[in-house]
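Have a look at data01.cif; it's mmCIF, C-alpha atoms and all ligand atoms:
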data_my_file
loop_
_atom_site.label_atom_id
_atom_site.label_comp_id
_atom_site.auth_asym_id
_atom_site.auth_seq_id
_atom_site.Cartn_x
_atom_site.Cartn_y
_atom_site.Cartn_z
CA MET A 1 0.00 0.00 0.00
CA SER A 2 1.33 3.44 -0.86
CA THR A 3 0.07 6.90 0.01
CA THR A 4 1.02 10.21 -1.60
CA PHE A 5 0.67 13.58 0.04
CA SER A 6 -1.24 15.51 -2.61
CA TYR A 7 -0.67 18.80 -0.76
CA PHE A 8 3.02 18.59 -1.59
CA ARG A 9 2.75 17.28 -5.13
CA ASP A 10 3.25 20.67 -6.78
CA ARG A 11 6.15 21.69 -4.63
CA ARG A 12 8.28 18.57 -4.30
CA PRO A 13 11.84 19.43 -3.32
CA ALA A 14 14.46 16.93 -4.45
CA GLU A 15 15.99 16.54 -0.99
CA PRO A 16 14.63 17.77 2.31
CA PRO A 17 16.74 20.41 4.05
CA THR A 18 18.48 19.16 7.17
CA PHE A 19 19.71 20.70 10.38
CA SER A 20 22.10 19.77 13.17
CA ILE A 21 21.30 19.20 16.84
CA SER A 22 23.63 22.08 17.75
CA GLU A 23 21.60 24.44 15.51
CA LEU A 24 18.46 23.19 17.21
CA ASP A 25 19.96 23.72 20.66
CA ARG A 26 21.23 27.20 19.81
CA ASP A 27 17.80 28.59 19.00
CA PRO A 28 14.90 26.42 17.83
CA HIS A 29 12.83 29.49 16.89
CA VAL A 30 15.46 30.94 14.57
CA LEU A 31 15.95 27.49 13.03
CA PHE A 32 12.27 26.64 12.50
CA ARG A 33 11.37 30.17 11.36
CA ARG A 34 14.01 29.86 8.64
CA MET A 35 12.92 26.32 7.79
CA ARG A 36 9.25 27.28 7.58
CA LEU A 37 10.04 29.92 4.96
CA MET A 38 11.82 27.31 2.82
CA THR A 39 9.78 24.17 3.31
CA ARG A 40 7.05 22.32 5.16
CA PHE A 41 9.39 19.57 6.32
CA CYS A 42 13.03 18.76 6.97
CA GLY A 43 15.23 15.86 8.07
CA VAL A 44 16.30 12.67 6.34
CA THR A 45 15.73 9.49 8.37
CA THR A 46 13.33 11.15 10.73
CA VAL A 47 11.09 13.43 8.75
CA VAL A 48 10.29 16.49 10.80
CA ILE A 49 7.01 17.98 9.65
CA LEU A 50 6.86 21.67 10.44
CA ARG A 51 3.53 22.46 11.94
CA SER A 52 1.84 25.28 10.09
CA ALA A 53 -1.62 25.83 8.75
CA PRO A 54 -2.77 24.55 6.33
CA ALA A 55 -0.09 21.86 6.10
CA MET A 56 -1.04 20.13 9.33
CA SER A 57 -4.49 18.96 8.36
CA SER A 58 -3.27 17.60 5.02
CA VAL A 59 -0.35 15.86 6.67
CA SER A 60 -2.20 14.23 9.52
CA MET A 61 -4.98 13.14 7.17
CA ALA A 62 -2.41 11.64 4.80
CA ILE A 63 -0.34 9.64 7.28
CA ARG A 64 -3.14 7.43 8.52
CA ALA A 65 -0.96 4.34 8.70
CA ARG A 66 1.19 5.45 11.58
CA GLY A 67 2.00 4.05 14.97
CA GLN A 68 3.95 4.52 18.13
CA MET A 69 7.59 3.52 17.89
CA GLU A 70 7.44 0.67 20.42
CA THR A 71 11.07 -0.42 20.96
CA GLU A 72 12.46 0.74 17.59
CA ARG A 73 14.54 3.56 18.98
CA LEU A 74 16.32 1.37 21.55
CA ARG A 75 16.85 -1.34 18.93
CA SER A 76 18.47 1.20 16.65
CA HIS A 77 21.01 1.70 19.47
CA GLY A 78 21.55 -2.08 19.73
CA VAL A 79 19.52 -2.50 22.94
CA THR A 80 17.31 -5.60 22.75
CA GLY A 81 16.90 -6.58 26.39
CA GLY A 82 17.39 -5.43 29.96
CA TYR A 83 15.48 -3.23 32.38
CA LEU A 84 15.29 -0.17 30.13
CA TYR A 85 14.09 -2.27 27.21
CA ASP A 86 11.49 -3.97 29.41
CA ILE A 87 10.08 -0.64 30.58
CA LEU A 88 9.79 0.77 27.06
CA GLN A 89 8.51 -2.48 25.59
CA HIS A 90 5.63 -2.54 28.06
CA THR A 91 4.77 1.12 28.45
CA MET A 92 1.49 2.53 27.19
CA LEU A 93 3.43 5.53 25.85
CA TYR A 94 5.01 3.54 23.02
CA SER A 95 2.30 0.96 22.44
CA ASN A 96 -0.51 0.71 19.94
CA GLY A 97 -4.11 -0.51 19.76
CA THR A 98 -5.38 -3.00 22.33
CA ALA A 99 -2.10 -3.08 24.29
CA HIS A 100 -2.28 0.70 24.66
CA ARG A 101 -5.90 0.66 25.80
CA GLN A 102 -5.34 -2.14 28.32
CA ARG A 103 -2.26 -0.51 29.81
CA ARG A 104 -3.87 2.91 30.04
CA ALA A 105 -7.27 1.95 31.50
CA PRO A 106 -6.32 1.07 35.11
CA LEU A 107 -4.07 4.10 35.34
CA SER A 108 -6.76 6.51 34.11
CA ARG A 109 -9.17 5.13 36.70
CA ALA A 110 -6.70 5.56 39.58
CA PHE A 111 -5.29 8.89 38.36
CA ALA A 112 -8.46 10.83 39.02
CA PHE A 113 -8.80 14.59 38.62
CA ARG A 114 -9.73 14.73 42.32
CA LEU A 115 -6.34 13.29 43.25
CA ILE A 116 -4.54 16.21 41.62
CA THR A 117 -6.98 18.83 42.91
CA GLU A 118 -6.51 17.58 46.45
CA LEU A 119 -2.75 17.73 46.03
CA ARG A 120 -2.75 21.45 45.15
CA PRO A 121 -2.19 22.80 48.70
CA ALA A 122 0.75 20.40 49.20
CA ILE A 123 2.24 21.38 45.82
CA ARG A 124 1.89 25.08 46.66
CA ALA A 125 3.47 24.55 50.10
CA ARG A 126 6.38 22.69 48.53
CA ALA A 127 6.93 25.53 46.01
CA HIS A 128 7.02 28.08 48.86
CA GLU A 129 9.41 25.90 50.84
CA LEU A 130 11.85 25.73 47.92
CA ILE A 131 11.75 29.52 47.49
CA ASP A 132 12.24 30.01 51.26
CA GLN A 133 15.35 27.84 51.07
CA VAL A 134 17.02 30.14 48.52
CA GLU A 135 15.65 33.47 49.74
CA SER A 136 18.67 34.33 51.88
CA ARG A 137 21.02 33.80 48.93
CA SER A 138 21.47 36.54 46.35
CA GLU A 139 21.03 34.10 43.46
CA MET A 140 19.49 30.75 42.63
CA ASP A 141 19.87 28.09 39.99
CA PHE A 142 16.28 28.01 38.79
CA VAL A 143 16.46 24.47 37.37
CA ASP A 144 18.37 22.79 40.23
CA ASP A 145 16.75 24.72 43.06
CA PHE A 146 13.18 24.82 41.81
CA ALA A 147 12.15 23.33 38.45
CA ALA A 148 13.76 19.90 39.01
CA PRO A 149 12.70 19.27 42.64
CA ILE A 150 9.04 20.28 42.12
CA PRO A 151 7.96 17.39 39.82
CA ALA A 152 9.98 14.89 41.87
CA HIS A 153 8.29 16.02 45.07
CA ILE A 154 4.81 15.91 43.53
CA ILE A 155 5.36 12.43 42.16
CA SER A 156 6.76 11.36 45.53
CA GLU A 157 3.68 12.77 47.21
CA ILE A 158 1.39 10.86 44.83
CA LEU A 159 3.34 7.63 45.35
CA GLY A 160 3.73 8.18 49.08
CA LEU A 161 7.54 7.96 49.07
CA PRO A 162 9.61 8.62 52.19
CA GLU A 163 11.33 12.04 52.10
CA GLN A 164 14.82 10.54 52.36
CA ASP A 165 14.35 8.52 49.13
CA ILE A 166 13.60 11.58 47.01
CA PRO A 167 17.14 12.68 45.96
CA GLU A 168 18.18 9.25 44.70
CA PHE A 169 14.77 8.59 43.16
CA THR A 170 15.04 11.97 41.36
CA ARG A 171 18.43 11.07 39.93
CA TRP A 172 17.12 7.79 38.48
CA VAL A 173 14.07 9.51 37.02
CA TYR A 174 16.03 12.21 35.19
CA SER A 175 18.52 9.66 33.93
CA ILE A 176 15.80 7.45 32.38
CA SER A 177 13.95 10.47 31.02
CA ARG A 178 16.59 10.71 28.30
CA ALA A 179 15.33 7.39 26.93
CA ILE A 180 12.06 9.01 25.85
CA SER A 181 13.72 12.00 24.23
CA PHE A 182 15.25 12.10 20.76
CA SER A 183 18.61 13.05 22.02
CA PHE A 184 20.25 10.27 24.01
CA LEU A 185 23.69 9.03 23.05
CA GLN A 186 25.05 5.50 22.97
CA SER A 187 27.30 6.45 25.90
CA ASP A 188 24.21 7.34 28.02
CA ILE A 189 22.86 3.78 27.86
CA PRO A 190 24.75 2.15 30.78
CA ASP A 191 23.67 4.92 33.14
CA MET A 192 20.06 4.79 31.89
CA GLU A 193 20.05 0.98 32.30
CA ASP A 194 21.33 1.29 35.85
CA ALA A 195 18.66 3.87 36.69
CA ALA A 196 15.99 1.70 35.01
CA ARG A 197 16.99 -1.27 37.18
CA ASN A 198 16.86 0.79 40.36
CA LEU A 199 13.55 2.41 39.51
CA THR A 200 11.93 -0.87 38.41
CA GLU A 201 12.94 -2.60 41.64
CA TYR A 202 11.86 0.40 43.69
CA VAL A 203 8.40 0.46 42.06
CA ARG A 204 8.10 -3.33 42.36
CA LYS A 205 8.67 -3.02 46.11
CA LEU A 206 6.19 -0.14 46.45
CA LEU A 207 3.51 -2.20 44.71
CA CYS A 208 4.22 -5.23 46.94
CA ASP A 209 3.90 -2.99 50.00
CA ARG A 210 0.52 -1.67 48.87
CA ARG A 211 -0.73 -5.19 48.13
CA ALA A 212 0.26 -6.26 51.64
CA THR A 213 -0.92 -3.08 53.37
CA PRO A 214 -3.36 -1.06 51.26
CA ARG A 215 -3.76 2.65 51.98
CA LEU A 216 -6.25 5.21 50.80
CA ASP A 217 -3.97 6.36 48.01
CA PHE A 218 -3.28 6.28 44.29
CA LEU A 219 -0.99 3.22 44.26
CA SER A 220 -3.36 1.10 46.36
CA SER A 221 -6.27 1.93 44.09
CA TYR A 222 -4.10 1.15 41.02
CA VAL A 223 -3.03 -2.22 42.45
CA LEU A 224 -6.63 -3.07 43.30
CA GLY A 225 -7.69 -2.25 39.71
CA VAL A 226 -4.97 -4.22 37.91
CA ASP A 227 -5.38 -7.24 40.17
CA ALA A 228 -9.14 -7.27 39.59
CA ASP A 229 -8.76 -6.91 35.77
CA GLU A 230 -6.00 -9.53 35.45
CA LYS A 231 -5.12 -8.14 31.99
CA LEU A 232 -1.59 -6.89 32.63
CA SER A 233 1.58 -8.90 33.22
CA PRO A 234 3.69 -8.03 36.31
CA ILE A 235 6.15 -6.02 34.20
CA GLU A 236 3.29 -4.13 32.51
CA VAL A 237 1.91 -3.24 35.95
CA ILE A 238 5.29 -1.77 36.93
CA SER A 239 5.99 -0.11 33.60
CA GLN A 240 2.84 2.09 33.68
CA ILE A 241 3.87 3.51 37.05
CA VAL A 242 7.39 4.14 35.78
CA THR A 243 5.82 5.86 32.75
CA VAL A 244 3.82 8.24 34.91
CA ILE A 245 6.94 9.01 36.93
CA ILE A 246 9.18 9.77 33.97
CA GLY A 247 6.37 11.23 31.79
CA GLY A 248 5.53 13.79 34.43
CA SER A 249 9.04 14.80 35.48
CA ASP A 250 11.24 16.03 32.65
CA THR A 251 8.26 17.55 30.81
CA THR A 252 7.29 19.79 33.72
CA ARG A 253 10.90 20.56 34.70
CA ALA A 254 11.61 21.73 31.14
CA ALA A 255 8.27 23.58 30.85
CA MET A 256 9.05 25.66 33.95
CA ALA A 257 12.57 26.45 32.77
CA ILE A 258 11.33 27.43 29.31
CA GLN A 259 8.59 29.59 30.80
CA VAL A 260 11.04 31.64 32.88
CA PHE A 261 13.51 31.86 30.00
CA LEU A 262 10.85 33.20 27.62
CA LEU A 263 9.52 35.73 30.13
CA LEU A 264 13.03 37.00 30.83
CA GLN A 265 13.51 37.54 27.12
CA HIS A 266 10.42 39.78 27.19
CA ARG A 267 11.11 41.85 30.24
CA GLU A 268 7.86 43.85 30.10
CA GLN A 269 5.89 40.60 30.21
CA TRP A 270 8.03 39.33 33.10
CA ASP A 271 7.30 42.57 35.02
CA ALA A 272 3.60 42.38 34.23
CA VAL A 273 3.37 38.79 35.50
CA CYS A 274 5.57 39.35 38.57
CA THR A 275 4.30 42.65 39.82
CA GLY A 276 1.03 43.28 38.09
CA ASP A 277 -2.21 41.48 37.57
CA MET A 278 -2.13 37.90 38.97
CA SER A 279 -4.82 36.88 36.47
CA LEU A 280 -2.16 37.14 33.71
CA ILE A 281 -0.30 34.10 35.07
CA ALA A 282 -2.57 31.39 33.65
CA GLY A 283 -2.41 32.96 30.16
CA ALA A 284 1.38 33.33 30.38
CA VAL A 285 1.75 29.65 31.29
CA SER A 286 -0.41 28.38 28.45
CA GLU A 287 1.16 30.73 25.89
CA ALA A 288 4.68 29.57 26.86
CA MET A 289 3.57 25.93 26.56
CA ARG A 290 2.11 26.65 23.12
CA TYR A 291 5.00 28.77 21.84
CA GLU A 292 7.78 26.50 23.05
CA PRO A 293 6.43 23.19 24.30
CA SER A 294 8.74 21.00 26.35
CA VAL A 295 7.77 18.16 24.03
CA GLY A 296 8.40 19.87 20.71
CA SER A 297 7.78 16.86 18.48
CA THR A 298 5.91 13.59 18.85
CA PRO A 299 7.50 10.79 16.81
CA ARG A 300 5.64 8.07 14.94
CA PHE A 301 6.55 5.23 12.58
CA THR A 302 4.96 4.63 9.21
CA LEU A 303 3.10 1.32 9.22
CA ALA A 304 2.83 1.07 5.44
CA ASP A 305 5.03 1.92 2.44
CA ILE A 306 4.40 5.55 1.61
CA GLU A 307 5.63 8.25 -0.67
CA ILE A 308 6.38 11.14 1.59
CA PHE A 309 7.04 14.53 0.01
CA GLY A 310 7.78 12.84 -3.25
CA ILE A 311 10.28 10.36 -1.82
CA PRO A 312 9.29 6.68 -1.42
CA ARG A 313 9.81 5.32 2.08
CA ALA A 314 9.45 1.73 3.19
CA ARG A 315 7.19 0.58 6.01
CA ARG A 316 8.75 1.07 9.45
CA GLN A 317 11.85 2.66 7.92
CA CYS A 318 10.60 6.15 8.30
CA ALA A 319 10.13 7.86 11.62
CA PHE A 320 8.47 11.23 11.44
CA ALA A 321 7.64 13.86 13.98
CA ILE A 322 5.22 16.74 13.99
CA ASN A 323 7.11 19.76 15.23
CA SER A 324 5.10 22.49 16.87
CA VAL A 325 7.74 24.89 18.20
CA GLY A 326 6.57 28.46 17.70
CA HIS A 327 3.92 27.71 15.05
CA ALA A 328 1.47 30.52 14.50
C1 LIG B 1 4.32 20.31 30.52
C2 LIG B 1 4.01 19.09 30.89
C3 LIG B 1 3.75 17.95 29.93
C4 LIG B 1 3.89 17.86 28.59
C5 LIG B 1 4.36 18.93 27.60
C6 LIG B 1 3.50 16.51 28.21
C7 LIG B 1 3.49 16.05 26.90
C8 LIG B 1 3.04 14.80 26.54
C9 LIG B 1 2.90 14.35 25.17
C10 LIG B 1 3.21 15.18 23.93
C11 LIG B 1 2.45 13.07 25.21
C12 LIG B 1 2.10 12.19 24.03
C13 LIG B 1 3.34 11.54 23.50
C14 LIG B 1 3.03 10.77 22.24
O1 LIG B 1 1.88 10.59 21.87
O2 LIG B 1 3.99 10.29 21.62
C15 LIG B 1 2.30 12.69 26.62
C16 LIG B 1 1.89 11.46 27.06
C17 LIG B 1 1.83 11.10 28.38
N1 LIG B 1 2.09 11.90 29.47
FE1 LIG B 1 2.56 13.86 29.41
N2 LIG B 1 3.16 15.81 29.33
C18 LIG B 1 3.29 16.64 30.41
C19 LIG B 1 3.05 16.33 31.74
C20 LIG B 1 2.73 15.08 32.20
C21 LIG B 1 2.51 14.73 33.59
C22 LIG B 1 2.60 15.73 34.76
C23 LIG B 1 2.25 13.39 33.65
C24 LIG B 1 1.98 12.50 34.82
C25 LIG B 1 1.93 12.86 36.06
C26 LIG B 1 2.29 12.90 32.27
C27 LIG B 1 2.08 11.59 31.91
C28 LIG B 1 1.94 11.16 30.61
C29 LIG B 1 1.57 9.79 30.25
C30 LIG B 1 1.29 8.65 31.23
C31 LIG B 1 1.51 9.76 28.86
C32 LIG B 1 1.17 8.55 27.98
C33 LIG B 1 -0.30 8.61 27.61
C34 LIG B 1 -0.70 7.51 26.67
O3 LIG B 1 0.13 6.84 26.06
O4 LIG B 1 -1.92 7.31 26.50
N3 LIG B 1 2.56 13.94 31.44
N4 LIG B 1 2.66 13.77 27.39
#
Could you write out this structure as structure tokens?
Amino acid sequence: MSTTFSYFRDRRPAEPPTFSISELDRDPHVLFRRMRLMTRFCGVTTVVILRSAPAMSSVSMAIRARGQMETERLRSHGVTGGYLYDILQHTMLYSNGTAHRQRRAPLSRAFAFRLITELRPAIRARAHELIDQVESRSEMDFVDDFAAPIPAHIISEILGLPEQDIPEFTRWVYSISRAISFSFLQSDIPDMEDAARNLTEYVRKLLCDRRATPRLDFLSSYVLGVDADEKLSPIEVISQIVTVIIGGSDTTRAAMAIQVFLLLQHREQWDAVCTGDMSLIAGAVSEAMRYEPSVGSTPRFTLADIEIFGIPRARRQCAFAINSVGHA
């Protein structure tokens, strides 16, 4: 089966323009602004589709045969087993169809909106505590002192972790987080594997504890649900919890850092948010998340042979990502 993107038929470039990771790191806005003027897509192995109206609707309509990457990215780095592989092989994040639905269902039930709403006072208190800790100093490292500890503390609160476990737990979480980004290196793998082993065993123990002594909390209600359903294997049960932990950590850490960075680049907006009308804060947060999302692209694999932007690509040999940084 082959699909052609009719939207691009009249404007087929011979080769897509490419860019380097260092260009991307230097300034994604400058890079994508320039790219958007030249093309609707870039990249070679991974096709990066530049989000812009009206291209998006044509593109997403056209690539119907697409799926999550499952373990392809780890395999491309030669990883075919181990703790890290097990987590990614069994996570809802990278799965498709029935496996995705079955893995997601018990988590959605336990992860109720009420749980987060009730956590708000504790989250706020934690944020104030972190600021109090740095107030006497004349400077702070925003990421290390604030943006990184906040998600770790919230997750720890949800999972009911002892305070003394948080620093080590946080280190494992941020190490594994690289596995779900585009940018890990071969040399990162041993450290990620080590962190994956520690986190898997830690979560396994937490789940055993809740089975033995249920509490009125998220993990106990999750364990109750998966045990009643009997649809998930033991590693699937663990992997969904690990997914929530890593899915909720680096994303929010980066979102907070990006938010502050963007506001500081627009000093009048920083002043307005800091000293002016408090009702501006919600809008500033959502605009920063739209303008520069911490997850800039979501990768998928083609599940059928397709012709993409005039170039034939074989099934499962083409990864593509919709990039939404700074789109209008
Ligand atoms: C600024 C914050 C966040 C951003 C930008 C973000 C972004 C995303 C994106 C883009 C996906 C879809 C990935 C894909 O389809 O390939 C996703 C999935 C997911 N996220 Fe987040 N996320 C954020 C916060 C969180 C938090 C706080 C949690 C948990 C506490 C979380 C847990 C998850 C989970 C479990 C999935 C998988 C859902 C599924 O496969 O059905 N995320 N996130």
Find the axis-aligned box for ligand LIG 1 (chain B), covering all its listed atoms and adding 3 Å on each side, and write its centre and edge lengths in Å to one decimal as AutoDock Vina command-line options.
--center_x 1.2 --center_y 13.6 --center_z 28.8 --size_x 12.3 --size_y 19.5 --size_z 20.4
- Tell me which protein, DNA and RNA residues are within 10 Å of Ala254 in chain A, counting all atoms listed in the file, leaving out same-chain ones fewer than 4 positions away, and put them as a PyMOL selection string. chain A and resi 143+147-148+249-250+258-259+293-295
- Message: One number please: CA of Ser108 in chain A to CA of Ser177 in chain A, in Å, one decimal.
- Response: 21.3 Å
- range 219-234 of chain A: which residues within 12 Å, counting all atoms listed in the file, same-chain residues fewer than 3 positions away excluded, as a ChimeraX atom specification? /A:86-87,90-92,98-112,115,155-161,200-201,203-216,237-242,244
- Point (13.4, 1.5, 30.5), cut-off 7 Å, counting all atoms listed in the file, residues as an MDAnalysis selection string: chainID A and resid 83:88 176 193 196
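We find CA of Arg40 in chain A and CA of Ile180 in chain A to be spaced 25.1 Å apart.
Between CA of Gln89 in chain A and CA of Arg171 in chain A the separation is 22.1 Å.
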- Note on the structure: Among A:Leu199, A:Ile21, A:Ala288, A:Ile306, Leu262 in chain A is approached most closely, using only C-alpha atoms, by A:Ala288
